[in-house]
Structures are given as structure tokens and as C-alpha cells.
file target-v2.tsv (TSV, N, CA and C atoms)
chain	number	residue	atom	x	y	z
I	1	PHE	N	0.82	-1.18	0.00
I	1	PHE	CA	0.00	0.00	0.00
I	1	PHE	C	0.87	1.25	0.00
I	2	ARG	N	1.92	1.23	0.81
I	2	ARG	CA	2.81	2.40	0.88
I	2	ARG	C	3.48	2.67	-0.46
I	3	ALA	N	3.89	1.61	-1.14
I	3	ALA	CA	4.52	1.78	-2.46
I	3	ALA	C	3.52	2.37	-3.45
I	4	ASP	N	2.26	1.92	-3.41
I	4	ASP	CA	1.24	2.44	-4.30
I	4	ASP	C	0.97	3.92	-4.03
I	5	VAL	N	0.88	4.30	-2.77
I	5	VAL	CA	0.62	5.70	-2.41
I	5	VAL	C	1.76	6.59	-2.90
I	6	ALA	N	2.99	6.15	-2.68
I	6	ALA	CA	4.14	6.94	-3.12
I	6	ALA	C	4.17	7.08	-4.64
I	7	ALA	N	3.92	5.99	-5.35
I	7	ALA	CA	3.92	6.05	-6.82
I	7	ALA	C	2.77	6.91	-7.33
I	8	ASP	N	1.62	6.82	-6.69
I	8	ASP	CA	0.47	7.64	-7.09
I	8	ASP	C	0.80	9.13	-6.95
I	9	ARG	N	1.44	9.51	-5.87
I	9	ARG	CA	1.81	10.92	-5.67
I	9	ARG	C	2.74	11.41	-6.77
I	10	VAL	N	3.75	10.61	-7.08
I	10	VAL	CA	4.70	11.00	-8.13
I	10	VAL	C	4.01	11.10	-9.48
I	11	LEU	N	3.17	10.13	-9.80
I	11	LEU	CA	2.48	10.14	-11.10
I	11	LEU	C	1.50	11.30	-11.21
I	12	ARG	N	0.83	11.67	-10.12
I	12	ARG	CA	-0.07	12.83	-10.13
I	12	ARG	C	0.71	14.13	-10.41
I	13	GLU	N	1.91	14.22	-9.85
I	13	GLU	CA	2.73	15.42	-10.03
I	13	GLU	C	3.33	15.51	-11.43
I	14	ARG	N	3.67	14.37	-12.02
I	14	ARG	CA	4.45	14.37	-13.25
I	14	ARG	C	3.69	13.99	-14.51
I	15	SER	N	2.47	13.53	-14.38
I	15	SER	CA	1.71	13.10	-15.55
I	15	SER	C	0.35	13.79	-15.58
I	16	ASP	N	0.13	14.59	-16.61
I	16	ASP	CA	-1.16	15.28	-16.73
I	16	ASP	C	-2.31	14.31	-16.93
I	17	GLY	N	-2.06	13.16	-17.53
I	17	GLY	CA	-3.13	12.21	-17.82
I	17	GLY	C	-3.43	11.21	-16.72
I	18	TRP	N	-2.61	11.18	-15.67
I	18	TRP	CA	-2.78	10.17	-14.62
I	18	TRP	C	-4.18	10.22	-14.00
I	19	SER	N	-4.66	11.40	-13.68
I	19	SER	CA	-5.98	11.54	-13.04
I	19	SER	C	-7.12	11.20	-13.99
I	20	ASN	N	-6.86	11.19	-15.29
I	20	ASN	CA	-7.90	10.86	-16.26
I	20	ASN	C	-8.10	9.36	-16.42
I	21	LEU	N	-7.15	8.56	-15.93
I	21	LEU	CA	-7.28	7.10	-16.02
I	21	LEU	C	-8.33	6.61	-15.05
I	22	SER	N	-8.98	5.52	-15.40
I	22	SER	CA	-9.95	4.91	-14.48
I	22	SER	C	-9.23	4.35	-13.26
I	23	GLN	N	-9.97	4.14	-12.20
I	23	GLN	CA	-9.40	3.54	-10.99
I	23	GLN	C	-8.77	2.19	-11.29
I	24	SER	N	-9.43	1.41	-12.13
I	24	SER	CA	-8.92	0.09	-12.50
I	24	SER	C	-7.60	0.20	-13.25
I	25	ALA	N	-7.50	1.13	-14.18
I	25	ALA	CA	-6.26	1.32	-14.93
I	25	ALA	C	-5.13	1.80	-14.03
I	26	ARG	N	-5.42	2.73	-13.13
I	26	ARG	CA	-4.38	3.20	-12.18
I	26	ARG	C	-3.93	2.06	-11.28
I	27	SER	N	-4.86	1.23	-10.84
I	27	SER	CA	-4.52	0.09	-9.99
I	27	SER	C	-3.61	-0.89	-10.72
I	28	THR	N	-3.89	-1.13	-11.99
I	28	THR	CA	-3.07	-2.04	-12.79
I	28	THR	C	-1.65	-1.49	-12.93
I	29	VAL	N	-1.52	-0.20	-13.21
I	29	VAL	CA	-0.21	0.41	-13.35
I	29	VAL	C	0.55	0.35	-12.03
I	30	LEU	N	-0.10	0.72	-10.94
I	30	LEU	CA	0.57	0.71	-9.64
I	30	LEU	C	1.01	-0.70	-9.25
I	31	GLY	N	0.18	-1.69	-9.54
I	31	GLY	CA	0.56	-3.07	-9.26
I	31	GLY	C	1.77	-3.49	-10.07
I	32	GLY	N	1.81	-3.08	-11.34
I	32	GLY	CA	2.95	-3.39	-12.19
I	32	GLY	C	4.23	-2.74	-11.70
I	33	LEU	N	4.11	-1.53	-11.17
I	33	LEU	CA	5.30	-0.85	-10.65
I	33	LEU	C	5.89	-1.55	-9.44
I	34	ARG	N	5.04	-2.26	-8.68
I	34	ARG	CA	5.55	-3.00	-7.52
I	34	ARG	C	6.53	-4.10	-7.91
I	35	LEU	N	6.52	-4.50	-9.17
I	35	LEU	CA	7.51	-5.47	-9.64
I	35	LEU	C	8.93	-4.93	-9.50
I	36	PHE	N	9.08	-3.61	-9.49
I	36	PHE	CA	10.40	-2.98	-9.49
I	36	PHE	C	10.84	-2.48	-8.12
I	37	VAL	N	10.03	-2.72	-7.08
I	37	VAL	CA	10.40	-2.30	-5.73
I	37	VAL	C	11.52	-3.21	-5.24
I	38	GLU	N	12.63	-2.61	-4.86
I	38	GLU	CA	13.79	-3.39	-4.39
I	38	GLU	C	13.92	-3.39	-2.88
I	39	THR	N	13.32	-2.38	-2.22
I	39	THR	CA	13.41	-2.25	-0.78
I	39	THR	C	12.01	-2.19	-0.19
I	40	CYS	N	11.75	-2.96	0.83
I	40	CYS	CA	10.44	-3.01	1.46
I	40	CYS	C	10.09	-1.65	2.08
I	41	PRO	N	8.92	-1.10	1.74
I	41	PRO	CA	8.53	0.18	2.33
I	41	PRO	C	8.20	0.08	3.82
I	42	SER	N	7.99	-1.13	4.34
I	42	SER	CA	7.67	-1.29	5.76
I	42	SER	C	8.91	-1.40	6.64
I	43	CYS	N	9.88	-2.22	6.21
I	43	CYS	CA	11.02	-2.48	7.10
I	43	CYS	C	12.38	-2.15	6.48
I	44	GLY	N	12.41	-1.87	5.17
I	44	GLY	CA	13.68	-1.58	4.52
I	44	GLY	C	14.44	-2.81	4.05
I	45	GLY	N	13.85	-3.98	4.23
I	45	GLY	CA	14.51	-5.22	3.81
I	45	GLY	C	14.52	-5.37	2.29
I	46	ASP	N	15.31	-6.31	1.82
I	46	ASP	CA	15.38	-6.60	0.39
I	46	ASP	C	14.12	-7.32	-0.07
I	47	VAL	N	13.70	-7.00	-1.29
I	47	VAL	CA	12.52	-7.63	-1.88
I	47	VAL	C	12.98	-8.58	-2.97
I	48	SER	N	12.41	-9.77	-2.98
I	48	SER	CA	12.76	-10.74	-4.01
I	48	SER	C	11.49	-11.23	-4.72
I	49	LEU	N	11.68	-11.59	-5.99
I	49	LEU	CA	10.59	-12.16	-6.78
I	49	LEU	C	10.72	-13.67	-6.79
I	50	GLY	N	9.59	-14.34	-6.77
I	50	GLY	CA	9.60	-15.79	-6.86
I	50	GLY	C	8.27	-16.30	-7.35
I	51	GLU	N	8.22	-17.58	-7.59
I	51	GLU	CA	6.97	-18.22	-8.02
I	51	GLU	C	6.47	-19.10	-6.91
I	52	GLU	N	5.17	-19.11	-6.72
I	52	GLU	CA	4.53	-19.94	-5.72
I	52	GLU	C	3.25	-20.53	-6.29
I	53	VAL	N	2.77	-21.57	-5.65
I	53	VAL	CA	1.48	-22.14	-5.97
I	53	VAL	C	0.54	-21.74	-4.84
I	54	VAL	N	-0.58	-21.11	-5.19
I	54	VAL	CA	-1.57	-20.68	-4.21
I	54	VAL	C	-2.75	-21.62	-4.30
I	55	SER	N	-3.19	-22.12	-3.16
I	55	SER	CA	-4.32	-23.05	-3.12
I	55	SER	C	-5.48	-22.45	-2.36
I	56	SER	N	-6.67	-22.73	-2.84
I	56	SER	CA	-7.89	-22.39	-2.11
I	56	SER	C	-8.70	-23.68	-1.98
I	57	CYS	N	-9.92	-23.56	-1.57
I	57	CYS	CA	-10.75	-24.76	-1.38
I	57	CYS	C	-10.99	-25.51	-2.69
I	58	CYS	N	-10.99	-24.78	-3.79
I	58	CYS	CA	-11.44	-25.38	-5.05
I	58	CYS	C	-10.40	-25.42	-6.16
I	59	THR	N	-9.28	-24.73	-6.01
I	59	THR	CA	-8.35	-24.62	-7.12
I	59	THR	C	-6.94	-24.31	-6.63
I	60	THR	N	-6.00	-24.51	-7.51
I	60	THR	CA	-4.63	-24.06	-7.28
I	60	THR	C	-4.21	-23.25	-8.49
I	61	ARG	N	-3.31	-22.29	-8.29
I	61	ARG	CA	-2.82	-21.50	-9.41
I	61	ARG	C	-1.39	-21.06	-9.14
I	62	ASP	N	-0.63	-20.91	-10.20
I	62	ASP	CA	0.73	-20.42	-10.11
I	62	ASP	C	0.70	-18.90	-10.09
I	63	VAL	N	1.50	-18.29	-9.22
I	63	VAL	CA	1.58	-16.84	-9.14
I	63	VAL	C	3.03	-16.41	-9.02
I	64	VAL	N	3.27	-15.17	-9.42
I	64	VAL	CA	4.55	-14.51	-9.19
I	64	VAL	C	4.36	-13.65	-7.96
I	65	VAL	N	5.30	-13.75	-7.02
I	65	VAL	CA	5.17	-13.04	-5.75
I	65	VAL	C	6.42	-12.20	-5.52
I	66	ALA	N	6.20	-10.95	-5.11
I	66	ALA	CA	7.27	-10.09	-4.61
I	66	ALA	C	7.12	-10.07	-3.10
I	67	ARG	N	8.16	-10.52	-2.39
I	67	ARG	CA	8.07	-10.66	-0.94
I	67	ARG	C	9.31	-10.08	-0.28
I	68	CYS	N	9.12	-9.43	0.87
I	68	CYS	CA	10.24	-8.90	1.64
I	68	CYS	C	10.97	-10.04	2.34
I	69	GLU	N	12.28	-10.05	2.18
I	69	GLU	CA	13.08	-11.07	2.85
I	69	GLU	C	13.24	-10.78	4.34
I	70	GLY	N	13.01	-9.52	4.75
I	70	GLY	CA	13.16	-9.15	6.15
I	70	GLY	C	11.93	-9.44	6.99
I	71	CYS	N	10.78	-8.90	6.57
I	71	CYS	CA	9.56	-9.04	7.38
I	71	CYS	C	8.53	-9.96	6.75
I	72	ASP	N	8.84	-10.53	5.59
I	72	ASP	CA	7.97	-11.47	4.88
I	72	ASP	C	6.69	-10.83	4.35
I	73	ALA	N	6.66	-9.48	4.26
I	73	ALA	CA	5.49	-8.79	3.69
I	73	ALA	C	5.37	-9.16	2.22
I	74	ARG	N	4.16	-9.40	1.78
I	74	ARG	CA	3.88	-9.72	0.38
I	74	ARG	C	3.49	-8.42	-0.31
I	75	LEU	N	4.35	-7.96	-1.22
I	75	LEU	CA	4.13	-6.70	-1.92
I	75	LEU	C	3.30	-6.87	-3.18
I	76	LEU	N	3.35	-8.05	-3.76
I	76	LEU	CA	2.67	-8.27	-5.03
I	76	LEU	C	2.40	-9.75	-5.22
I	77	GLU	N	1.24	-10.06	-5.76
I	77	GLU	CA	0.92	-11.42	-6.18
I	77	GLU	C	0.13	-11.30	-7.48
I	78	ILE	N	0.69	-11.82	-8.55
I	78	ILE	CA	-0.01	-11.77	-9.84
I	78	ILE	C	0.14	-13.11	-10.55
I	79	GLU	N	-0.80	-13.38	-11.42
I	79	GLU	CA	-0.70	-14.56	-12.26
I	79	GLU	C	0.18	-14.20	-13.45
I	80	PRO	N	1.10	-15.08	-13.81
I	80	PRO	CA	1.98	-14.79	-14.97
I	80	PRO	C	1.12	-14.43	-16.19
I	81	GLY	N	1.53	-13.37	-16.87
I	81	GLY	CA	0.82	-12.93	-18.07
I	81	GLY	C	-0.32	-11.97	-17.80
I	82	SER	N	-0.69	-11.73	-16.54
I	82	SER	CA	-1.84	-10.86	-16.26
I	82	SER	C	-1.56	-9.41	-16.62
I	83	LEU	N	-0.33	-8.96	-16.50
I	83	LEU	CA	-0.02	-7.59	-16.89
I	83	LEU	C	-0.08	-7.42	-18.39
I	84	ASP	N	0.30	-8.47	-19.15
I	84	ASP	CA	0.18	-8.41	-20.61
I	84	ASP	C	-1.28	-8.28	-21.01
I	85	THR	N	-2.15	-9.02	-20.36
I	85	THR	CA	-3.57	-8.99	-20.66
I	85	THR	C	-4.18	-7.64	-20.31
I	86	ALA	N	-3.74	-7.04	-19.17
I	86	ALA	CA	-4.29	-5.76	-18.74
I	86	ALA	C	-3.92	-4.64	-19.69
I	87	ALA	N	-2.80	-4.77	-20.37
I	87	ALA	CA	-2.35	-3.72	-21.28
I	87	ALA	C	-3.11	-3.73	-22.60
I	88	ASP	N	-3.77	-4.83	-22.93
I	88	ASP	CA	-4.50	-4.93	-24.20
I	88	ASP	C	-5.77	-4.12	-24.22
call {"tool": "encode", "arguments": {"input": "target-v2.tsv", "output": "C-alpha cells"}}
result
Amino acid sequence: FRADVAADRVLRERSDGWSNLSQSARSTVLGGLRLFVETCPSCGGDVSLGEEVVSSCCTTRDVVVARCEGCDARLLEIEPGSLDTAAD
């Protein structure tokens, strides 16, 4: 959340069109930017990307996860290819 708020502030200041995007489009962009976060906004620890299998009562799915190595905060969880689909 902290990374999204910080990125939103910067994009509002530097992009005239940012406020014209729908909430869904802004959310997609902010989520994509979390792929590039190297330092955890909560504890300052290193962030690493990895793949995991997430299970629920009815299904399992592969996801890409950005997680803090220090406090284990999950910064991002997306299904591979979902950002490509959102850009179409």
C-alpha cells in the first residue's frame, strides 16, 4: 500500500493524464510498478521475486510473488501474463 501511495503521488505530479485514467487502470499500473520495488517500504529489507502455488478450497494456481526477505510482507501477487492482458 505504501509503495502504491508513493507512486500515485509521483504520477499525479508528473503526468497530466494520470488523473484521467480509471481507478482500474491506475490500480493495474501501480501493481505493475511493484515489480520494481527493491526495498520493502515497511522495514527496509530486500525484496525478491519468486513463483509460488496458491491453493484455495477449489483450485490451485501459479503466481509470481514479490516478498520482503526481512519481514515477509507480500508486496505483489499476480498470475503470470496478467499484466500483458491488462495492457491490451
call {"tool": "residues_around", "arguments": {"input": "target-v2.tsv", "residues": "stretch 76-81 of chain I", "least_positions_apart": "4", "cutoff": "6 Å", "atoms": "all atoms listed in the file", "output": "VMD selection string"}}
result
chain I and resid 62 to 67 85
call {"tool": "residues_near_point", "arguments": {"input": "target-v2.tsv", "point": "(17.0, -7.2, 3.8)", "cutoff": "8 Å", "atoms": "all atoms listed in the file", "output": "list in words"}}
result
Thr39, Cys40, Cys43, Gly44, Gly45, Asp46, Val47, Cys68, Glu69, Gly70 and Cys71 of chain I
call {"tool": "atom_distance", "arguments": {"input": "target-v2.tsv", "atom1": "atom CA of I:Phe36", "atom2": "atom CA of I:Thr59"}}
result
28.7 Å
call {"tool": "closest_residue", "arguments": {"input": "target-v2.tsv", "among": "I:Glu38, I:Ser56, I:Arg26, I:Glu51", "to": "I:Arg12", "atoms": "only C-alpha atoms"}}
result
I:Arg26
call {"tool": "atom_distance", "arguments": {"input": "target-v2.tsv", "atom1": "atom CA of I:Gly32", "atom2": "atom CA of I:Ala7"}}
result
10.9 Å
call {"tool": "select_by_dssp", "arguments": {"input": "target-v2.tsv", "residues": "chain I", "states": "alpha helix (DSSP H)", "output": "PDB file with N, CA and C atoms, keeping the file's coordinate frame"}}
result
ATOM      1  N   ARG I   2       1.920   1.230   0.810  1.00  0.00           N
ATOM      2  CA  ARG I   2       2.810   2.400   0.880  1.00  0.00           C
ATOM      3  C   ARG I   2       3.480   2.670  -0.460  1.00  0.00           C
ATOM      4  N   ALA I   3       3.890   1.610  -1.140  1.00  0.00           N
ATOM      5  CA  ALA I   3       4.520   1.780  -2.460  1.00  0.00           C
ATOM      6  C   ALA I   3       3.520   2.370  -3.450  1.00  0.00           C
ATOM      7  N   ASP I   4       2.260   1.920  -3.410  1.00  0.00           N
ATOM      8  CA  ASP I   4       1.240   2.440  -4.300  1.00  0.00           C
ATOM      9  C   ASP I   4       0.970   3.920  -4.030  1.00  0.00           C
ATOM     10  N   VAL I   5       0.880   4.300  -2.770  1.00  0.00           N
ATOM     11  CA  VAL I   5       0.620   5.700  -2.410  1.00  0.00           C
ATOM     12  C   VAL I   5       1.760   6.590  -2.900  1.00  0.00           C
ATOM     13  N   ALA I   6       2.990   6.150  -2.680  1.00  0.00           N
ATOM     14  CA  ALA I   6       4.140   6.940  -3.120  1.00  0.00           C
ATOM     15  C   ALA I   6       4.170   7.080  -4.640  1.00  0.00           C
ATOM     16  N   ALA I   7       3.920   5.990  -5.350  1.00  0.00           N
ATOM     17  CA  ALA I   7       3.920   6.050  -6.820  1.00  0.00           C
ATOM     18  C   ALA I   7       2.770   6.910  -7.330  1.00  0.00           C
ATOM     19  N   ASP I   8       1.620   6.820  -6.690  1.00  0.00           N
ATOM     20  CA  ASP I   8       0.470   7.640  -7.090  1.00  0.00           C
ATOM     21  C   ASP I   8       0.800   9.130  -6.950  1.00  0.00           C
ATOM     22  N   ARG I   9       1.440   9.510  -5.870  1.00  0.00           N
ATOM     23  CA  ARG I   9       1.810  10.920  -5.670  1.00  0.00           C
ATOM     24  C   ARG I   9       2.740  11.410  -6.770  1.00  0.00           C
ATOM     25  N   VAL I  10       3.750  10.610  -7.080  1.00  0.00           N
ATOM     26  CA  VAL I  10       4.700  11.000  -8.130  1.00  0.00           C
ATOM     27  C   VAL I  10       4.010  11.100  -9.480  1.00  0.00           C
ATOM     28  N   LEU I  11       3.170  10.130  -9.800  1.00  0.00           N
ATOM     29  CA  LEU I  11       2.480  10.140 -11.100  1.00  0.00           C
ATOM     30  C   LEU I  11       1.500  11.300 -11.210  1.00  0.00           C
ATOM     31  N   ARG I  12       0.830  11.670 -10.120  1.00  0.00           N
ATOM     32  CA  ARG I  12      -0.070  12.830 -10.130  1.00  0.00           C
ATOM     33  C   ARG I  12       0.710  14.130 -10.410  1.00  0.00           C
ATOM     34  N   GLU I  13       1.910  14.220  -9.850  1.00  0.00           N
ATOM     35  CA  GLU I  13       2.730  15.420 -10.030  1.00  0.00           C
ATOM     36  C   GLU I  13       3.330  15.510 -11.430  1.00  0.00           C
ATOM     37  N   ARG I  14       3.670  14.370 -12.020  1.00  0.00           N
ATOM     38  CA  ARG I  14       4.450  14.370 -13.250  1.00  0.00           C
ATOM     39  C   ARG I  14       3.690  13.990 -14.510  1.00  0.00           C
ATOM     40  N   GLN I  23      -9.970   4.140 -12.200  1.00  0.00           N
ATOM     41  CA  GLN I  23      -9.400   3.540 -10.990  1.00  0.00           C
ATOM     42  C   GLN I  23      -8.770   2.190 -11.290  1.00  0.00           C
ATOM     43  N   SER I  24      -9.430   1.410 -12.130  1.00  0.00           N
ATOM     44  CA  SER I  24      -8.920   0.090 -12.500  1.00  0.00           C
ATOM     45  C   SER I  24      -7.600   0.200 -13.250  1.00  0.00           C
ATOM     46  N   ALA I  25      -7.500   1.130 -14.180  1.00  0.00           N
ATOM     47  CA  ALA I  25      -6.260   1.320 -14.930  1.00  0.00           C
ATOM     48  C   ALA I  25      -5.130   1.800 -14.030  1.00  0.00           C
ATOM     49  N   ARG I  26      -5.420   2.730 -13.130  1.00  0.00           N
ATOM     50  CA  ARG I  26      -4.380   3.200 -12.180  1.00  0.00           C
ATOM     51  C   ARG I  26      -3.930   2.060 -11.280  1.00  0.00           C
ATOM     52  N   SER I  27      -4.860   1.230 -10.840  1.00  0.00           N
ATOM     53  CA  SER I  27      -4.520   0.090  -9.990  1.00  0.00           C
ATOM     54  C   SER I  27      -3.610  -0.890 -10.720  1.00  0.00           C
ATOM     55  N   THR I  28      -3.890  -1.130 -11.990  1.00  0.00           N
ATOM     56  CA  THR I  28      -3.070  -2.040 -12.790  1.00  0.00           C
ATOM     57  C   THR I  28      -1.650  -1.490 -12.930  1.00  0.00           C
ATOM     58  N   VAL I  29      -1.520  -0.200 -13.210  1.00  0.00           N
ATOM     59  CA  VAL I  29      -0.210   0.410 -13.350  1.00  0.00           C
ATOM     60  C   VAL I  29       0.550   0.350 -12.030  1.00  0.00           C
ATOM     61  N   LEU I  30      -0.100   0.720 -10.940  1.00  0.00           N
ATOM     62  CA  LEU I  30       0.570   0.710  -9.640  1.00  0.00           C
ATOM     63  C   LEU I  30       1.010  -0.700  -9.250  1.00  0.00           C
ATOM     64  N   GLY I  31       0.180  -1.690  -9.540  1.00  0.00           N
ATOM     65  CA  GLY I  31       0.560  -3.070  -9.260  1.00  0.00           C
ATOM     66  C   GLY I  31       1.770  -3.490 -10.070  1.00  0.00           C
ATOM     67  N   GLY I  32       1.810  -3.080 -11.340  1.00  0.00           N
ATOM     68  CA  GLY I  32       2.950  -3.390 -12.190  1.00  0.00           C
ATOM     69  C   GLY I  32       4.230  -2.740 -11.700  1.00  0.00           C
ATOM     70  N   LEU I  33       4.110  -1.530 -11.170  1.00  0.00           N
ATOM     71  CA  LEU I  33       5.300  -0.850 -10.650  1.00  0.00           C
ATOM     72  C   LEU I  33       5.890  -1.550  -9.440  1.00  0.00           C
ATOM     73  N   SER I  82      -0.690 -11.730 -16.540  1.00  0.00           N
ATOM     74  CA  SER I  82      -1.840 -10.860 -16.260  1.00  0.00           C
ATOM     75  C   SER I  82      -1.560  -9.410 -16.620  1.00  0.00           C
ATOM     76  N   LEU I  83      -0.330  -8.960 -16.500  1.00  0.00           N
ATOM     77  CA  LEU I  83      -0.020  -7.590 -16.890  1.00  0.00           C
ATOM     78  C   LEU I  83      -0.080  -7.420 -18.390  1.00  0.00           C
ATOM     79  N   ASP I  84       0.300  -8.470 -19.150  1.00  0.00           N
ATOM     80  CA  ASP I  84       0.180  -8.410 -20.610  1.00  0.00           C
ATOM     81  C   ASP I  84      -1.280  -8.280 -21.010  1.00  0.00           C
ATOM     82  N   THR I  85      -2.150  -9.020 -20.360  1.00  0.00           N
ATOM     83  CA  THR I  85      -3.570  -8.990 -20.660  1.00  0.00           C
ATOM     84  C   THR I  85      -4.180  -7.640 -20.310  1.00  0.00           C
ATOM     85  N   ALA I  86      -3.740  -7.040 -19.170  1.00  0.00           N
ATOM     86  CA  ALA I  86      -4.290  -5.760 -18.740  1.00  0.00           C
ATOM     87  C   ALA I  86      -3.920  -4.640 -19.690  1.00  0.00           C
ATOM     88  N   ALA I  87      -2.800  -4.770 -20.370  1.00  0.00           N
ATOM     89  CA  ALA I  87      -2.350  -3.720 -21.280  1.00  0.00           C
ATOM     90  C   ALA I  87      -3.110  -3.730 -22.600  1.00  0.00           C
TER      91      ALA I  87
END
call {"tool": "atom_distance", "arguments": {"input": "target-v2.tsv", "atom1": "atom CA of I:Ser55", "atom2": "atom C of I:Asp72"}}
result
18.1 Å
call {"tool": "select_by_dssp", "arguments": {"input": "target-v2.tsv", "residues": "chain I", "states": "strand (DSSP E or B)", "output": "ChimeraX atom specification"}}
result
/I:39,46-55,60-68,74-78
call {"tool": "closest_residue", "arguments": {"input": "target-v2.tsv", "among": "I:Leu35, I:Pro41, I:Ser27, I:Asn20", "to": "I:Arg2", "atoms": "only N, CA and C atoms"}}
result
I:Pro41
call {"tool": "build_atoms", "arguments": {"input": "target-v2.tsv", "residues": "stretch 3-10 of chain I", "atoms": "all heavy atoms", "output": "short mmCIF file (atom, residue, chain, number, x, y, z; two decimals), keeping the file's coordinate frame"}}
result
data_model
loop_
_atom_site.label_atom_id
_atom_site.label_comp_id
_atom_site.auth_asym_id
_atom_site.auth_seq_id
_atom_site.Cartn_x
_atom_site.Cartn_y
_atom_site.Cartn_z
N ALA I 3 3.89 1.61 -1.14
CA ALA I 3 4.52 1.78 -2.46
C ALA I 3 3.52 2.37 -3.45
O ALA I 3 3.87 3.24 -4.25
CB ALA I 3 5.04 0.44 -2.96
N ASP I 4 2.26 1.92 -3.41
CA ASP I 4 1.24 2.44 -4.30
C ASP I 4 0.97 3.92 -4.03
O ASP I 4 0.82 4.72 -4.96
CB ASP I 4 -0.06 1.65 -4.17
CG ASP I 4 0.01 0.29 -4.81
OD1 ASP I 4 1.07 -0.08 -5.35
OD2 ASP I 4 -1.02 -0.42 -4.78
N VAL I 5 0.88 4.30 -2.77
CA VAL I 5 0.62 5.70 -2.41
C VAL I 5 1.76 6.59 -2.90
O VAL I 5 1.53 7.65 -3.48
CB VAL I 5 0.40 5.86 -0.89
CG1 VAL I 5 0.37 7.32 -0.48
CG2 VAL I 5 -0.89 5.18 -0.47
N ALA I 6 2.99 6.15 -2.68
CA ALA I 6 4.14 6.94 -3.12
C ALA I 6 4.17 7.08 -4.64
O ALA I 6 4.39 8.18 -5.17
CB ALA I 6 5.44 6.30 -2.63
N ALA I 7 3.92 5.99 -5.35
CA ALA I 7 3.92 6.05 -6.82
C ALA I 7 2.77 6.91 -7.33
O ALA I 7 2.94 7.69 -8.28
CB ALA I 7 3.82 4.63 -7.40
N ASP I 8 1.62 6.82 -6.69
CA ASP I 8 0.47 7.64 -7.09
C ASP I 8 0.80 9.13 -6.95
O ASP I 8 0.48 9.92 -7.84
CB ASP I 8 -0.75 7.28 -6.25
CG ASP I 8 -1.96 8.10 -6.64
OD1 ASP I 8 -2.52 7.87 -7.73
OD2 ASP I 8 -2.37 8.98 -5.84
N ARG I 9 1.44 9.51 -5.87
CA ARG I 9 1.81 10.92 -5.67
C ARG I 9 2.74 11.41 -6.77
O ARG I 9 2.57 12.49 -7.31
CB ARG I 9 2.48 11.10 -4.31
CG ARG I 9 1.53 11.06 -3.16
CD ARG I 9 2.23 11.33 -1.85
NE ARG I 9 1.32 11.16 -0.75
CZ ARG I 9 1.69 10.82 0.46
NH1 ARG I 9 2.96 10.59 0.74
NH2 ARG I 9 0.79 10.68 1.42
N VAL I 10 3.75 10.61 -7.08
CA VAL I 10 4.70 11.00 -8.13
C VAL I 10 4.01 11.10 -9.48
O VAL I 10 4.22 12.06 -10.23
CB VAL I 10 5.88 10.00 -8.20
CG1 VAL I 10 6.75 10.25 -9.41
CG2 VAL I 10 6.71 10.08 -6.92
#
